[in-house]
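Engineer: My questions will all concern the structure given below.
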Amino acid sequence: MSSATGIRSALSNYATGVTVITARDGDGLCGLTANSFTSVSLSPPLLLFCIGRARASFEVFRRSETFSVNVLSATQKHLSDRFASSGKEKWRGIEYAEDEFGNAIFPGSAATFSCRKKEMVDAADHMIVLGEVLGFREDRKHSPLVYCRSSYCLPVDLDREPRPAA
Ligand SMILES: Cc1cc2nc3c(=O)[nH]c(=O)nc-3n(C[C@H](O)[C@H](O)[C@H](O)COP(=O)(O)O)c2cc1C
């Protein structure tokens, strides 16, 4: 196993949520699936994600002053698949609303965060994009989607009391 393959495999044990991060390019919409998303601080509320420089959408995120994060629910695996692909067709048939910045937010997301971009930091073949949260929404109707060992999963609450036998 090459060291890159080994590191990727070891890192895949770190379970994450799944997001689709959106921005605007003039009249055009832009979005990509990202699991590098994380919160940074609460006061002020800062979060980040990493974007590969080779991504088709990289220039849009570099130019845009805002971006919005959709934290996907378990009902939205199809959105993760779609936005992990490239090209104009990725928006075909996708239902979305627009937030205060005109960025796409998807109905049924577990949470959404509307952010003003604060900083972009060089990180080898990626850039770290830091944003300040100016608006957010939460919907607890569905479980969040989880990604672990290259598979989509559901969260299991290990702290919940086991159900009594019927
Ligand atoms: C679960 C998952 C997580 C991903 N996370 C990231 C990420 O954090 N950053 C990134 O640049 N690409 C990530 N990708 C890859 C992009 O979603 C993919 O390259 C996509 O085609 C980018 O869209 P674009 O080509 O329109 O820019 C991820 C893909 C998957 C399936």
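Please note that chains go A, B, ... in the order of the structure tokens, that every chain numbers its residues from 1, and that ligands are numbered from 1 in the order shown.
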Using only C-alpha atoms and all ligand atoms, which residues of the polymer chains come no farther than 9 Å from ligand 1? I'd like the answer as a ChimeraX atom specification.
Structural biologist: /A:16-20,30-37,49-60,80-88,90,126-127,147-148,150-152
Engineer: DSSP on the backbone: what in segment 19-85 of chain A comes out strand (DSSP E), as a PyMOL selection string?
Structural biologist: chain A and resi 19-25+28-34+38-42+45-52+66-71
Engineer: Keeping N, CA and C atoms for every residue in the selection just given, could you write it to a file as a compact mmCIF listing (two decimals), in the first residue's frame?
Structural biologist:
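What landed in again-v1.txt:
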# COMPACT_ATOMS: atom_id res chain seq x y z
N THR A 19 -21.66 17.72 3.93
CA THR A 19 -22.26 19.01 3.57
C THR A 19 -22.25 19.19 2.06
N VAL A 20 -23.19 20.02 1.59
CA VAL A 20 -23.05 20.60 0.25
C VAL A 20 -22.90 22.10 0.47
N ILE A 21 -21.79 22.65 -0.01
CA ILE A 21 -21.49 24.07 0.20
C ILE A 21 -21.75 24.80 -1.12
N THR A 22 -22.50 25.91 -1.02
CA THR A 22 -22.95 26.59 -2.23
C THR A 22 -22.47 28.04 -2.25
N ALA A 23 -22.34 28.57 -3.46
CA ALA A 23 -22.00 29.98 -3.65
C ALA A 23 -22.64 30.40 -4.97
N ARG A 24 -22.41 31.64 -5.35
CA ARG A 24 -23.00 32.17 -6.59
C ARG A 24 -21.93 32.77 -7.46
N ASP A 25 -22.11 32.62 -8.75
CA ASP A 25 -21.19 33.21 -9.70
C ASP A 25 -22.04 34.04 -10.66
N GLY A 28 -25.10 32.36 -11.96
CA GLY A 28 -24.92 30.91 -11.89
C GLY A 28 -24.77 30.40 -10.47
N LEU A 29 -25.29 29.20 -10.25
CA LEU A 29 -25.16 28.57 -8.94
C LEU A 29 -23.97 27.63 -8.94
N CYS A 30 -23.39 27.47 -7.78
CA CYS A 30 -22.23 26.59 -7.67
C CYS A 30 -22.37 25.81 -6.36
N GLY A 31 -21.99 24.53 -6.37
CA GLY A 31 -22.09 23.74 -5.14
C GLY A 31 -21.21 22.52 -5.20
N LEU A 32 -20.63 22.16 -4.06
CA LEU A 32 -19.85 20.92 -4.02
C LEU A 32 -20.05 20.20 -2.69
N THR A 33 -19.97 18.87 -2.76
CA THR A 33 -20.02 18.03 -1.56
C THR A 33 -18.69 18.17 -0.82
N ALA A 34 -18.76 18.37 0.50
CA ALA A 34 -17.54 18.50 1.29
C ALA A 34 -17.73 17.91 2.68
N THR A 38 -15.89 21.99 9.38
CA THR A 38 -15.87 21.90 10.85
C THR A 38 -16.15 23.26 11.46
N SER A 39 -16.62 23.25 12.70
CA SER A 39 -16.79 24.51 13.41
C SER A 39 -15.44 24.92 13.99
N VAL A 40 -15.22 26.21 14.15
CA VAL A 40 -13.95 26.72 14.65
C VAL A 40 -14.16 27.44 15.98
N SER A 41 -15.07 28.40 16.04
CA SER A 41 -15.32 29.12 17.30
C SER A 41 -16.78 29.53 17.36
N LEU A 42 -17.25 29.79 18.59
CA LEU A 42 -18.65 30.20 18.76
C LEU A 42 -18.78 31.71 18.91
N PRO A 45 -18.99 33.32 15.76
CA PRO A 45 -19.22 31.99 15.18
C PRO A 45 -18.47 31.83 13.85
N LEU A 46 -17.41 31.05 13.89
CA LEU A 46 -16.60 30.81 12.70
C LEU A 46 -16.62 29.34 12.34
N LEU A 47 -16.59 29.05 11.06
CA LEU A 47 -16.47 27.66 10.60
C LEU A 47 -15.55 27.63 9.38
N LEU A 48 -15.16 26.43 8.99
CA LEU A 48 -14.26 26.31 7.83
C LEU A 48 -14.57 25.07 7.02
N PHE A 49 -14.12 25.11 5.77
CA PHE A 49 -14.03 23.89 4.97
C PHE A 49 -12.80 24.02 4.09
N CYS A 50 -12.37 22.90 3.52
CA CYS A 50 -11.19 22.91 2.64
C CYS A 50 -11.65 22.60 1.23
N ILE A 51 -11.08 23.31 0.27
CA ILE A 51 -11.44 23.05 -1.13
C ILE A 51 -10.17 22.83 -1.95
N GLY A 52 -10.21 21.78 -2.77
CA GLY A 52 -9.08 21.46 -3.63
C GLY A 52 -8.95 22.52 -4.73
N THR A 66 -19.45 35.38 -0.10
CA THR A 66 -20.28 34.61 0.83
C THR A 66 -20.30 33.14 0.38
N PHE A 67 -20.69 32.28 1.30
CA PHE A 67 -20.99 30.88 0.94
C PHE A 67 -21.99 30.36 1.95
N SER A 68 -22.67 29.29 1.61
CA SER A 68 -23.67 28.71 2.51
C SER A 68 -23.47 27.21 2.60
N VAL A 69 -23.67 26.70 3.81
CA VAL A 69 -23.38 25.29 4.10
C VAL A 69 -24.69 24.56 4.37
N ASN A 70 -24.94 23.48 3.62
CA ASN A 70 -26.07 22.60 3.90
C ASN A 70 -25.53 21.36 4.60
N VAL A 71 -25.89 21.15 5.86
CA VAL A 71 -25.52 19.91 6.56
C VAL A 71 -26.60 18.89 6.19
Engineer: Name all residues at most 7 Å from Leu134 of chain A (count only C-alpha atoms; drop same-chain ones fewer than 2 positions away) and give them as a compact mmCIF listing (two decimals) with N, CA and C atoms, in the first residue's frame.
Structural biologist:
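Output contents, as saved in around.txt:
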# COMPACT_ATOMS: atom_id res chain seq x y z
N SER A 114 -25.36 30.36 6.75
CA SER A 114 -25.07 31.36 5.72
C SER A 114 -23.90 32.21 6.21
N CYS A 115 -22.84 32.22 5.44
CA CYS A 115 -21.57 32.77 5.95
C CYS A 115 -21.01 33.87 5.06
N ARG A 116 -20.35 34.82 5.71
CA ARG A 116 -19.52 35.79 4.99
C ARG A 116 -18.09 35.27 5.03
N GLU A 132 -17.62 33.51 8.60
CA GLU A 132 -18.37 33.90 9.80
C GLU A 132 -19.85 33.65 9.55
Engineer: Record the distance separating atom CA of Leu145 of chain A and atom CA of Glu98 of chain A, expressed in Å with one decimal.
Structural biologist: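 Going from atom CA of Leu145 of chain A over to atom CA of Glu98 of chain A, I get 21.9 Å.
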Engineer: Apply DSSP to the backbone of this structure and, from segment 2-147 of chain A, keep only the residues in alpha helix (DSSP H); write these as a PyMOL selection string.
Structural biologist: chain A and resi 3-11+58-63+77-83
Engineer: Just checking: using only C-alpha atoms, which residue out of A:Tyr96, A:Trp91, A:Tyr14, A:Phe113 ends up closest to Gly131 of chain A?
Structural biologist: A:Phe113
Engineer: Might you pull out every residue within 7 Å of His142 of chain A, with only C-alpha atoms counted and same-chain residues fewer than 2 positions away left off, and present them as a short mmCIF file (atom, residue, chain, number, x, y, z; two decimals) with N, CA, C and O atoms, in the first residue's frame?
Structural biologist:
data_model
loop_
_atom_site.label_atom_id
_atom_site.label_comp_id
_atom_site.auth_asym_id
_atom_site.auth_seq_id
_atom_site.Cartn_x
_atom_site.Cartn_y
_atom_site.Cartn_z
N SER A 73 -29.11 15.75 5.68
CA SER A 73 -29.79 14.75 6.51
C SER A 73 -29.74 13.41 5.77
O SER A 73 -29.36 13.34 4.59
N ALA A 74 -30.16 12.36 6.50
CA ALA A 74 -30.09 11.01 5.92
C ALA A 74 -30.99 10.86 4.70
O ALA A 74 -30.82 9.92 3.93
N ALA A 110 -30.38 19.07 7.57
CA ALA A 110 -30.41 19.04 9.04
C ALA A 110 -30.12 20.43 9.60
O ALA A 110 -30.69 20.84 10.63
N ARG A 140 -34.69 19.24 12.94
CA ARG A 140 -34.34 17.95 13.58
C ARG A 140 -35.26 16.81 13.17
O ARG A 140 -35.25 15.76 13.82
N PRO A 144 -28.99 13.36 10.87
CA PRO A 144 -27.95 13.82 9.96
C PRO A 144 -27.33 12.63 9.22
O PRO A 144 -27.34 11.50 9.72
#
Engineer: For the atom pair atom CA of Gly26 of chain A and atom CA of Gly102 of chain A, what is the interatomic distance in Å to one decimal place?
Structural biologist: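 So the two atoms, atom CA of Gly26 of chain A and atom CA of Gly102 of chain A, lie 10.2 Å apart.
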Engineer: Considering only C-alpha atoms, can you say which of A:Ser64, A:Pro155, A:Ile105, A:Gly6 comes closest to Glu119 of chain A?
Structural biologist: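 Among the listed residues, the smallest separation from Glu119 of chain A belongs to A:Ser64.
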